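Enquirer: File query-v3.pdb below, PDB, C-alpha atoms:
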ATOM      1  CA  MET A   1     -22.684  47.604  40.785
ATOM      2  CA  GLU A   2     -24.069  45.491  37.939
ATOM      3  CA  ASN A   3     -22.622  47.759  35.245
ATOM      4  CA  ASP A   4     -19.163  47.270  36.723
ATOM      5  CA  VAL A   5     -19.220  43.508  36.129
ATOM      6  CA  LYS A   6     -16.632  42.635  33.500
ATOM      7  CA  ARG A   7     -18.072  41.132  30.319
ATOM      8  CA  LYS A   8     -16.590  37.752  29.545
ATOM      9  CA  LYS A   9     -15.225  37.022  26.082
ATOM     10  CA  ILE A  10     -16.908  33.910  24.699
ATOM     11  CA  ALA A  11     -16.023  32.373  21.329
ATOM     12  CA  PHE A  12     -17.927  29.921  19.146
ATOM     13  CA  PHE A  13     -15.968  27.491  16.968
ATOM     14  CA  GLY A  14     -18.118  25.346  14.706
ATOM     15  CA  GLY A  15     -17.187  22.723  12.165
ATOM     16  CA  SER A  16     -17.599  19.145  11.052
ATOM     17  CA  PHE A  17     -14.535  18.049  13.066
ATOM     18  CA  ASP A  18     -14.361  14.883  10.938
ATOM     19  CA  PRO A  19     -11.954  14.341  12.670
ATOM     20  CA  ILE A  20     -10.818  17.166  14.938
ATOM     21  CA  HIS A  21      -7.053  17.671  14.525
ATOM     22  CA  PHE A  22      -4.027  19.761  15.527
ATOM     23  CA  GLY A  23      -4.991  22.495  13.037
ATOM     24  CA  HIS A  24      -8.222  23.097  14.952
ATOM     25  CA  VAL A  25      -6.409  23.040  18.293
ATOM     26  CA  ASN A  26      -3.691  25.394  17.066
ATOM     27  CA  LEU A  27      -6.241  27.915  15.783
ATOM     28  CA  ALA A  28      -8.251  27.803  19.013
ATOM     29  CA  ILE A  29      -5.210  28.125  21.295
ATOM     30  CA  ASN A  30      -3.888  31.111  19.344
ATOM     31  CA  MET A  31      -7.281  32.852  19.448
ATOM     32  CA  LEU A  32      -7.613  32.097  23.160
ATOM     33  CA  GLU A  33      -4.245  33.667  23.967
ATOM     34  CA  VAL A  34      -4.129  36.569  21.490
ATOM     35  CA  HIS A  35      -7.654  37.802  22.273
ATOM     36  CA  GLN A  36      -7.633  36.760  25.944
ATOM     37  CA  LEU A  37     -10.831  34.781  25.568
ATOM     38  CA  ASP A  38     -12.519  33.308  28.624
ATOM     39  CA  LYS A  39     -14.112  30.340  26.864
ATOM     40  CA  ILE A  40     -14.256  28.680  23.463
ATOM     41  CA  TYR A  41     -17.247  26.497  22.599
ATOM     42  CA  PHE A  42     -16.463  23.719  20.098
ATOM     43  CA  SER A  43     -19.660  22.844  18.241
ATOM     44  CA  PRO A  44     -19.682  19.771  15.967
ATOM     45  CA  ALA A  45     -22.105  20.343  13.089
ATOM     46  CA  TYR A  46     -24.656  17.600  12.560
ATOM     47  CA  CYS A  47     -24.939  18.307   8.833
ATOM     48  CA  SER A  48     -23.406  21.254   6.969
ATOM     49  CA  PRO A  49     -25.618  23.088   4.447
ATOM     50  CA  HIS A  50     -22.432  24.073   2.580
ATOM     51  CA  LYS A  51     -21.367  20.440   2.089
ATOM     52  CA  LYS A  52     -24.604  18.785   1.006
ATOM     53  CA  SER A  53     -22.778  16.340  -1.271
ATOM     54  CA  ASN A  54     -19.886  15.783   1.146
ATOM     55  CA  GLN A  55     -21.319  15.087   4.586
ATOM     56  CA  PRO A  56     -19.246  13.781   7.529
ATOM     57  CA  ILE A  57     -18.126  10.172   7.515
ATOM     58  CA  ALA A  58     -17.955   9.735  11.281
ATOM     59  CA  SER A  59     -21.322   9.752  13.037
ATOM     60  CA  ILE A  60     -22.306  12.797  15.061
ATOM     61  CA  GLU A  61     -21.921  10.691  18.221
ATOM     62  CA  GLN A  62     -18.357   9.770  17.254
ATOM     63  CA  ARG A  63     -17.438  13.350  16.373
ATOM     64  CA  VAL A  64     -18.871  14.599  19.671
ATOM     65  CA  GLU A  65     -16.769  12.029  21.541
ATOM     66  CA  MET A  66     -13.619  13.102  19.670
ATOM     67  CA  VAL A  67     -14.252  16.767  20.460
ATOM     68  CA  LYS A  68     -14.826  15.855  24.112
ATOM     69  CA  LYS A  69     -11.383  14.272  24.257
ATOM     70  CA  VAL A  70      -9.792  17.502  23.009
ATOM     71  CA  VAL A  71     -11.696  20.000  25.133
ATOM     72  CA  GLU A  72     -11.048  18.116  28.373
ATOM     73  CA  GLU A  73      -7.352  18.956  27.940
ATOM     74  CA  VAL A  74      -7.859  22.750  28.107
ATOM     75  CA  SER A  75      -9.923  24.341  30.874
ATOM     76  CA  SER A  76     -11.130  27.201  28.622
ATOM     77  CA  PHE A  77     -12.425  24.790  25.963
ATOM     78  CA  GLU A  78     -15.922  23.325  26.175
ATOM     79  CA  LEU A  79     -18.114  21.111  24.034
ATOM     80  CA  PHE A  80     -21.282  22.811  22.767
ATOM     81  CA  ASP A  81     -23.615  20.060  21.596
ATOM     82  CA  TYR A  82     -26.629  22.135  20.560
ATOM     83  CA  GLU A  83     -26.151  21.417  16.838
ATOM     84  CA  ALA A  84     -25.487  17.731  17.500
ATOM     85  CA  LYS A  85     -28.708  17.331  19.491
ATOM     86  CA  LYS A  86     -30.788  19.519  17.181
ATOM     87  CA  LYS A  87     -29.858  17.396  14.153
ATOM     88  CA  GLY A  88     -30.657  18.465  10.607
ATOM     89  CA  PHE A  89     -28.698  21.206   8.848
ATOM     90  CA  SER A  90     -26.449  23.224  11.167
ATOM     91  CA  TYR A  91     -26.628  26.991  10.730
ATOM     92  CA  THR A  92     -24.153  29.196  12.573
ATOM     93  CA  ILE A  93     -26.759  31.833  13.389
ATOM     94  CA  ASP A  94     -28.936  29.301  15.234
ATOM     95  CA  ALA A  95     -26.062  28.083  17.379
ATOM     96  CA  LEU A  96     -24.845  31.629  18.071
ATOM     97  CA  GLN A  97     -28.302  32.620  19.255
ATOM     98  CA  GLU A  98     -28.228  29.703  21.696
ATOM     99  CA  VAL A  99     -24.825  30.802  22.984
ATOM    100  CA  SER A 100     -26.139  34.344  23.431
ATOM    101  CA  LYS A 101     -28.943  32.989  25.618
ATOM    102  CA  ILE A 102     -26.347  31.399  27.891
ATOM    103  CA  HIS A 103     -24.184  34.545  27.883
ATOM    104  CA  PRO A 104     -26.627  37.448  27.437
ATOM    105  CA  ASN A 105     -24.266  40.026  28.921
ATOM    106  CA  ASP A 106     -20.990  38.778  27.493
ATOM    107  CA  LYS A 107     -19.134  39.599  24.268
ATOM    108  CA  LEU A 108     -19.394  36.884  21.628
ATOM    109  CA  PHE A 109     -16.812  35.978  19.006
ATOM    110  CA  LEU A 110     -16.936  33.670  15.999
ATOM    111  CA  ILE A 111     -13.755  31.756  15.131
ATOM    112  CA  LEU A 112     -13.218  31.254  11.395
ATOM    113  CA  THR A 113     -10.474  30.170   9.039
ATOM    114  CA  ALA A 114      -9.531  32.381   6.096
ATOM    115  CA  ASP A 115     -10.717  29.793   3.551
ATOM    116  CA  LEU A 116     -14.325  30.302   4.723
ATOM    117  CA  LEU A 117     -14.416  34.026   3.926
ATOM    118  CA  ALA A 118     -15.278  33.662   0.242
ATOM    119  CA  SER A 119     -18.465  31.751   1.074
ATOM    120  CA  PHE A 120     -19.378  33.824   4.131
ATOM    121  CA  PRO A 121     -21.828  36.177   2.308
ATOM    122  CA  SER A 122     -23.965  33.142   1.392
ATOM    123  CA  TRP A 123     -24.412  32.010   5.011
ATOM    124  CA  LYS A 124     -27.874  32.144   6.553
ATOM    125  CA  ASP A 125     -28.662  35.513   8.227
ATOM    126  CA  VAL A 126     -25.103  36.737   7.821
ATOM    127  CA  LYS A 127     -25.935  40.258   9.076
ATOM    128  CA  LYS A 128     -27.447  38.807  12.230
ATOM    129  CA  ILE A 129     -24.259  36.787  12.735
ATOM    130  CA  LEU A 130     -22.238  40.004  12.600
ATOM    131  CA  ASP A 131     -24.665  41.756  14.959
ATOM    132  CA  LEU A 132     -24.259  38.974  17.493
ATOM    133  CA  SER A 133     -20.542  38.298  17.228
ATOM    134  CA  GLN A 134     -17.128  39.640  16.285
ATOM    135  CA  PRO A 135     -15.464  37.330  13.740
ATOM    136  CA  LEU A 136     -11.925  36.185  14.531
ATOM    137  CA  VAL A 137     -10.050  34.990  11.446
ATOM    138  CA  GLY A 138      -6.759  33.139  11.625
ATOM    139  CA  PHE A 139      -4.356  33.680   8.730
ATOM    140  CA  ARG A 140      -0.699  33.305   7.797
ATOM    141  CA  ASN A 141      -0.547  35.970   5.081
ATOM    142  CA  GLN A 142      -3.230  38.673   4.895
ATOM    143  CA  ASP A 143      -2.399  39.356   1.233
ATOM    144  CA  GLY A 144      -3.933  35.992   0.354
ATOM    145  CA  ILE A 145      -7.256  36.624   2.098
ATOM    146  CA  ASN A 146     -10.283  36.768  -0.182
ATOM    147  CA  MET A 147     -12.399  39.175   1.858
ATOM    148  CA  PRO A 148     -15.880  40.194   0.674
ATOM    149  CA  THR A 149     -15.666  43.997   0.573
ATOM    150  CA  GLU A 150     -19.156  44.577   2.013
ATOM    151  CA  PHE A 151     -18.110  42.894   5.263
ATOM    152  CA  LYS A 152     -14.515  44.082   5.447
ATOM    153  CA  LYS A 153     -15.101  46.555   8.275
ATOM    154  CA  SER A 154     -16.807  43.900  10.410
ATOM    155  CA  PHE A 155     -13.796  41.608  10.089
ATOM    156  CA  GLU A 156     -10.869  44.030  10.394
ATOM    157  CA  ASP A 157     -10.499  43.933  14.181
ATOM    158  CA  GLY A 158     -10.585  40.161  14.208
ATOM    159  CA  PHE A 159      -7.863  39.346  11.677
ATOM    160  CA  THR A 160      -5.265  37.395  13.652
ATOM    161  CA  GLU A 161      -1.869  36.537  12.207
ATOM    162  CA  MET A 162      -0.542  33.212  13.443
ATOM    163  CA  PRO A 163       1.382  30.135  12.361
ATOM    164  CA  ILE A 164      -1.209  28.102  10.454
ATOM    165  CA  PHE A 165      -0.928  24.317  10.467
ATOM    166  CA  ASP A 166      -1.571  23.129   6.915
ATOM    167  CA  ILE A 167      -3.770  20.199   7.926
ATOM    168  CA  SER A 168      -7.130  19.114   6.584
ATOM    169  CA  SER A 169      -9.568  16.464   7.755
ATOM    170  CA  THR A 170      -9.723  15.206   4.157
ATOM    171  CA  GLN A 171      -5.964  14.635   4.184
ATOM    172  CA  ILE A 172      -6.201  12.752   7.494
ATOM    173  CA  ARG A 173      -9.039  10.517   6.304
ATOM    174  CA  ARG A 174      -7.087   9.652   3.145
ATOM    175  CA  ARG A 175      -3.961   8.787   5.139
ATOM    176  CA  LEU A 176      -5.966   6.612   7.515
ATOM    177  CA  GLN A 177      -7.491   4.725   4.581
ATOM    178  CA  GLU A 178      -3.979   4.171   3.231
ATOM    179  CA  LYS A 179      -2.794   3.059   6.683
ATOM    180  CA  LEU A 180      -0.232   5.869   6.867
ATOM    181  CA  TYR A 181       1.086   7.455  10.071
ATOM    182  CA  CYS A 182      -1.110  10.308  11.386
ATOM    183  CA  GLY A 183       0.375  11.036  14.809
ATOM    184  CA  HIS A 184       1.765  14.347  13.558
ATOM    185  CA  LEU A 185      -1.725  15.481  12.512
ATOM    186  CA  VAL A 186      -4.110  14.197  15.191
ATOM    187  CA  PRO A 187      -3.802  14.014  19.018
ATOM    188  CA  SER A 188      -2.925  10.513  20.201
ATOM    189  CA  ASN A 189      -6.137  10.031  22.178
ATOM    190  CA  ILE A 190      -8.177  10.887  19.074
ATOM    191  CA  LEU A 191      -6.162   8.456  16.956
ATOM    192  CA  SER A 192      -6.700   5.716  19.545
ATOM    193  CA  TYR A 193     -10.449   6.366  19.410
ATOM    194  CA  ILE A 194     -10.419   6.270  15.598
ATOM    195  CA  TYR A 195      -8.536   2.969  15.533
ATOM    196  CA  MET A 196     -10.698   1.450  18.273
ATOM    197  CA  HIS A 197     -13.906   2.236  16.385
ATOM    198  CA  GLN A 198     -12.383   1.650  12.930
ATOM    199  CA  ILE A 199     -13.471   5.052  11.590
ATOM    200  CA  TYR A 200     -12.273   6.209   8.161
ATOM    201  CA  GLN A 201     -10.378   2.967   7.536
ATOM    202  CA  SER A 202     -12.725   1.127   5.160
TER     203      SER A 202
END
Please lay out the structure from this file as structure tokens.

Expert:
Amino acid sequence: MENDVKRKKIAFFGGSFDPIHFGHVNLAINMLEVHQLDKIYFSPAYCSPHKKSNQPIASIEQRVEMVKKVVEEVSSFELFDYEAKKKGFSYTIDALQEVSKIHPNDKLFLILTADLLASFPSWKDVKKILDLSQPLVGFRNQDGINMPTEFKKSFEDGFTEMPIFDISSTQIRRRLQEKLYCGHLVPSNILSYIYMHQIYQS
């Protein structure tokens, strides 16, 4: 019977991915395993409304290619290029609504890092985001989480303790400019792509 069909657990993971690095992979793998997710969509943002003065350095085409190289390594990972093709400012609610069209009968999740929680109330259509998806938040120490009280109940079931890799794309870009080793921060195939196309090094 149709009602007996198991709902899949589909997660959306958006970001600039400028570049994608081991911190992103670590977060996604932990969420995949802890919450027994069926699929995680990685969605490179064309242009973040929260970083109007600090937009990505790599082109959207380059960031899509880097994400492709990561997701092809894990069968439950998949590139979601809706935001990349849509162009303009990337809003999470718009991308989530597109995912829900693909998975109308499945349970949707939104993967976040704890540092995004303070700004979460200012996101576009935040209540619609919470209606559509269950947030999953990776953290090392819950005492340090700055959680907006009005949304606390919506987030509680998704708080996920895990070893957090203290890596940032800003740190990686700086090290690349300074010609420092980055193999401990970025997968080797991503580094090869960066060097080949001379991204972040000028």

Enquirer: Under the PyMOL selection byres ((chain A and resi 129) around 12), which residues of this model are included? Write them out as a PyMOL selection string.

Expert: chain A and resi 12+91-97+99-100+108-111+120-128+130-135+151+154-155

Enquirer: Take the residues from that selection and put them in a file with C-alpha atoms, as a PDB file, in the frame of the given file.

Expert:
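Output file result.pdb is given in full below:
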ATOM      1  CA  PHE A  12     -17.927  29.921  19.146  1.00  0.00           C
ATOM      2  CA  TYR A  91     -26.628  26.991  10.730  1.00  0.00           C
ATOM      3  CA  THR A  92     -24.153  29.196  12.573  1.00  0.00           C
ATOM      4  CA  ILE A  93     -26.759  31.833  13.389  1.00  0.00           C
ATOM      5  CA  ASP A  94     -28.936  29.301  15.234  1.00  0.00           C
ATOM      6  CA  ALA A  95     -26.062  28.083  17.379  1.00  0.00           C
ATOM      7  CA  LEU A  96     -24.845  31.629  18.071  1.00  0.00           C
ATOM      8  CA  GLN A  97     -28.302  32.620  19.255  1.00  0.00           C
ATOM      9  CA  VAL A  99     -24.825  30.802  22.984  1.00  0.00           C
ATOM     10  CA  SER A 100     -26.139  34.344  23.431  1.00  0.00           C
ATOM     11  CA  LEU A 108     -19.394  36.884  21.628  1.00  0.00           C
ATOM     12  CA  PHE A 109     -16.812  35.978  19.006  1.00  0.00           C
ATOM     13  CA  LEU A 110     -16.936  33.670  15.999  1.00  0.00           C
ATOM     14  CA  ILE A 111     -13.755  31.756  15.131  1.00  0.00           C
ATOM     15  CA  PHE A 120     -19.378  33.824   4.131  1.00  0.00           C
ATOM     16  CA  PRO A 121     -21.828  36.177   2.308  1.00  0.00           C
ATOM     17  CA  SER A 122     -23.965  33.142   1.392  1.00  0.00           C
ATOM     18  CA  TRP A 123     -24.412  32.010   5.011  1.00  0.00           C
ATOM     19  CA  LYS A 124     -27.874  32.144   6.553  1.00  0.00           C
ATOM     20  CA  ASP A 125     -28.662  35.513   8.227  1.00  0.00           C
ATOM     21  CA  VAL A 126     -25.103  36.737   7.821  1.00  0.00           C
ATOM     22  CA  LYS A 127     -25.935  40.258   9.076  1.00  0.00           C
ATOM     23  CA  LYS A 128     -27.447  38.807  12.230  1.00  0.00           C
ATOM     24  CA  LEU A 130     -22.238  40.004  12.600  1.00  0.00           C
ATOM     25  CA  ASP A 131     -24.665  41.756  14.959  1.00  0.00           C
ATOM     26  CA  LEU A 132     -24.259  38.974  17.493  1.00  0.00           C
ATOM     27  CA  SER A 133     -20.542  38.298  17.228  1.00  0.00           C
ATOM     28  CA  GLN A 134     -17.128  39.640  16.285  1.00  0.00           C
ATOM     29  CA  PRO A 135     -15.464  37.330  13.740  1.00  0.00           C
ATOM     30  CA  PHE A 151     -18.110  42.894   5.263  1.00  0.00           C
ATOM     31  CA  SER A 154     -16.807  43.900  10.410  1.00  0.00           C
ATOM     32  CA  PHE A 155     -13.796  41.608  10.089  1.00  0.00           C
TER      33      PHE A 155
END

Enquirer: Which of these residues is nearest to Gly158 (chain A), using all atoms listed in the file: A:Asp106, A:Ala114, A:Tyr193, A:Tyr41?

Expert: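 Going through A:Asp106, A:Ala114, A:Tyr193, A:Tyr41 one by one, the smallest distance to Gly158 (chain A) is for A:Ala114.
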
Enquirer: When you look at Ser90 (chain A) with a cut-off of 6 Å (counting only C-alpha atoms), what residues show up, excluding the ones that are within fewer than 2 positions of it in the same chain? I need them as a short mmCIF file (atom, residue, chain, number, x, y, z; two decimals) with C-alpha atoms, keeping the file's coordinate frame.

Expert:
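For reference, selection-v7.cif as written:
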data_model
loop_
_atom_site.label_atom_id
_atom_site.label_comp_id
_atom_site.auth_asym_id
_atom_site.auth_seq_id
_atom_site.Cartn_x
_atom_site.Cartn_y
_atom_site.Cartn_z
CA ALA A 45 -22.10 20.34 13.09
CA CYS A 47 -24.94 18.31 8.83
CA SER A 48 -23.41 21.25 6.97
CA GLU A 83 -26.15 21.42 16.84
#

Enquirer: Counting only C-alpha atoms, figure out which residue out of A:Asp115, A:Met66, A:Pro44, A:His24 gets nearest to Tyr82 (chain A).

Expert: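 Selected residue with least distance to Tyr82 (chain A): A:Pro44.
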
Enquirer: Using the chain letters and residue numbers of this document, give as a list in words the residues selected by the PyMOL selection byres ((chain A and resi 168) around 10).

Expert: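 Applied to this file, the PyMOL selection byres ((chain A and resi 168) around 10) returns Phe17, Asp18, Pro19, Ile20, His21, Phe22, Gly23, His24, Phe165, Asp166, Ile167, Ser169, Thr170, Gln171, Ile172, Arg173 and Leu185 of chain A.
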
Enquirer: Applied to the shown file, which residues does the PyMOL selection byres ((chain A and resi 14) around 6) return, written as number ranges by chain?

Expert: A: 13, 15, 42-44

Enquirer: Quick check, in Å to one decimal: how far apart do CA of Arg7 (chain A) and CA of Glu150 (chain A) lie?

Expert: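 CA of Glu150 (chain A) lies 28.5 Å from CA of Arg7 (chain A).
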
Enquirer: For Ser188 (chain A), which residue among A:Ala11, A:Val70, A:Ala118, A:Val137 is the nearest when counting only C-alpha atoms?

Expert: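 Under the stated criterion, the closest residue is A:Val70.
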
Enquirer: Quick check, in Å to one decimal: how far apart do CA of Glu72 (chain A) and CA of Asn26 (chain A) lie?

Expert: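 It comes out at 15.3 Å.
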
Enquirer: Can you work out the spacing between CA of Tyr200 (chain A) and CA of Leu176 (chain A) in Å, to one decimal?

Expert: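 Taking CA of Tyr200 (chain A) and CA of Leu176 (chain A), their separation equals 6.4 Å.
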
Enquirer: Go through A:Lys9, A:Lys68, A:Arg63, A:Phe77 and flag the residue nearest Ile40 (chain A), using only C-alpha atoms for the distances.

Expert: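 Among A:Lys9, A:Lys68, A:Arg63, A:Phe77, it is A:Phe77 that comes nearest to Ile40 (chain A).
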
Enquirer: For Lys8 (chain A), which of A:Ile102, A:Ile29, A:Ala84, A:Val74 is the closest residue, counting only C-alpha atoms?

Expert: A:Ile102

Enquirer: Smallest atom-to-atom distance to Gln36 (chain A): which of A:Ser76, A:Ser119, A:Ser202, A:Gln55, using all atoms listed in the file?

Expert: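 That would be A:Ser76, the residue with the smallest distance to Gln36 (chain A).
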
Enquirer: Mind completing region 20-36 of chain A with N, CA and C atoms? Output as a compact mmCIF listing (two decimals), in the frame of the given file, please?

Expert:
# COMPACT_ATOMS: atom_id res chain seq x y z
N ILE A 20 -11.50 16.01 14.37
CA ILE A 20 -10.82 17.17 14.94
C ILE A 20 -9.32 16.88 14.92
N HIS A 21 -8.49 17.91 14.68
CA HIS A 21 -7.05 17.67 14.52
C HIS A 21 -6.25 18.85 15.08
N PHE A 22 -4.91 18.74 14.96
CA PHE A 22 -4.03 19.76 15.53
C PHE A 22 -4.24 21.14 14.90
N GLY A 23 -4.71 21.20 13.66
CA GLY A 23 -4.99 22.50 13.04
C GLY A 23 -6.09 23.23 13.78
N HIS A 24 -7.14 22.50 14.17
CA HIS A 24 -8.22 23.10 14.95
C HIS A 24 -7.71 23.56 16.31
N VAL A 25 -6.92 22.71 16.96
CA VAL A 25 -6.41 23.04 18.29
C VAL A 25 -5.49 24.25 18.23
N ASN A 26 -4.61 24.28 17.23
CA ASN A 26 -3.69 25.39 17.07
C ASN A 26 -4.43 26.72 16.88
N LEU A 27 -5.45 26.70 16.02
CA LEU A 27 -6.24 27.92 15.78
C LEU A 27 -6.91 28.38 17.07
N ALA A 28 -7.53 27.44 17.79
CA ALA A 28 -8.25 27.80 19.01
C ALA A 28 -7.31 28.33 20.09
N ILE A 29 -6.17 27.69 20.27
CA ILE A 29 -5.21 28.12 21.30
C ILE A 29 -4.69 29.52 20.99
N ASN A 30 -4.37 29.78 19.72
CA ASN A 30 -3.89 31.11 19.34
C ASN A 30 -4.96 32.17 19.58
N MET A 31 -6.20 31.89 19.22
CA MET A 31 -7.28 32.85 19.45
C MET A 31 -7.49 33.08 20.95
N LEU A 32 -7.44 32.01 21.72
CA LEU A 32 -7.61 32.10 23.16
C LEU A 32 -6.59 33.04 23.77
N GLU A 33 -5.33 32.90 23.36
CA GLU A 33 -4.24 33.67 23.97
C GLU A 33 -4.15 35.09 23.41
N VAL A 34 -4.26 35.24 22.10
CA VAL A 34 -4.13 36.57 21.49
C VAL A 34 -5.26 37.49 21.93
N HIS A 35 -6.48 36.98 21.97
CA HIS A 35 -7.65 37.80 22.27
C HIS A 35 -8.11 37.67 23.72
N GLN A 36 -7.35 36.92 24.51
CA GLN A 36 -7.63 36.76 25.94
C GLN A 36 -9.10 36.34 26.17
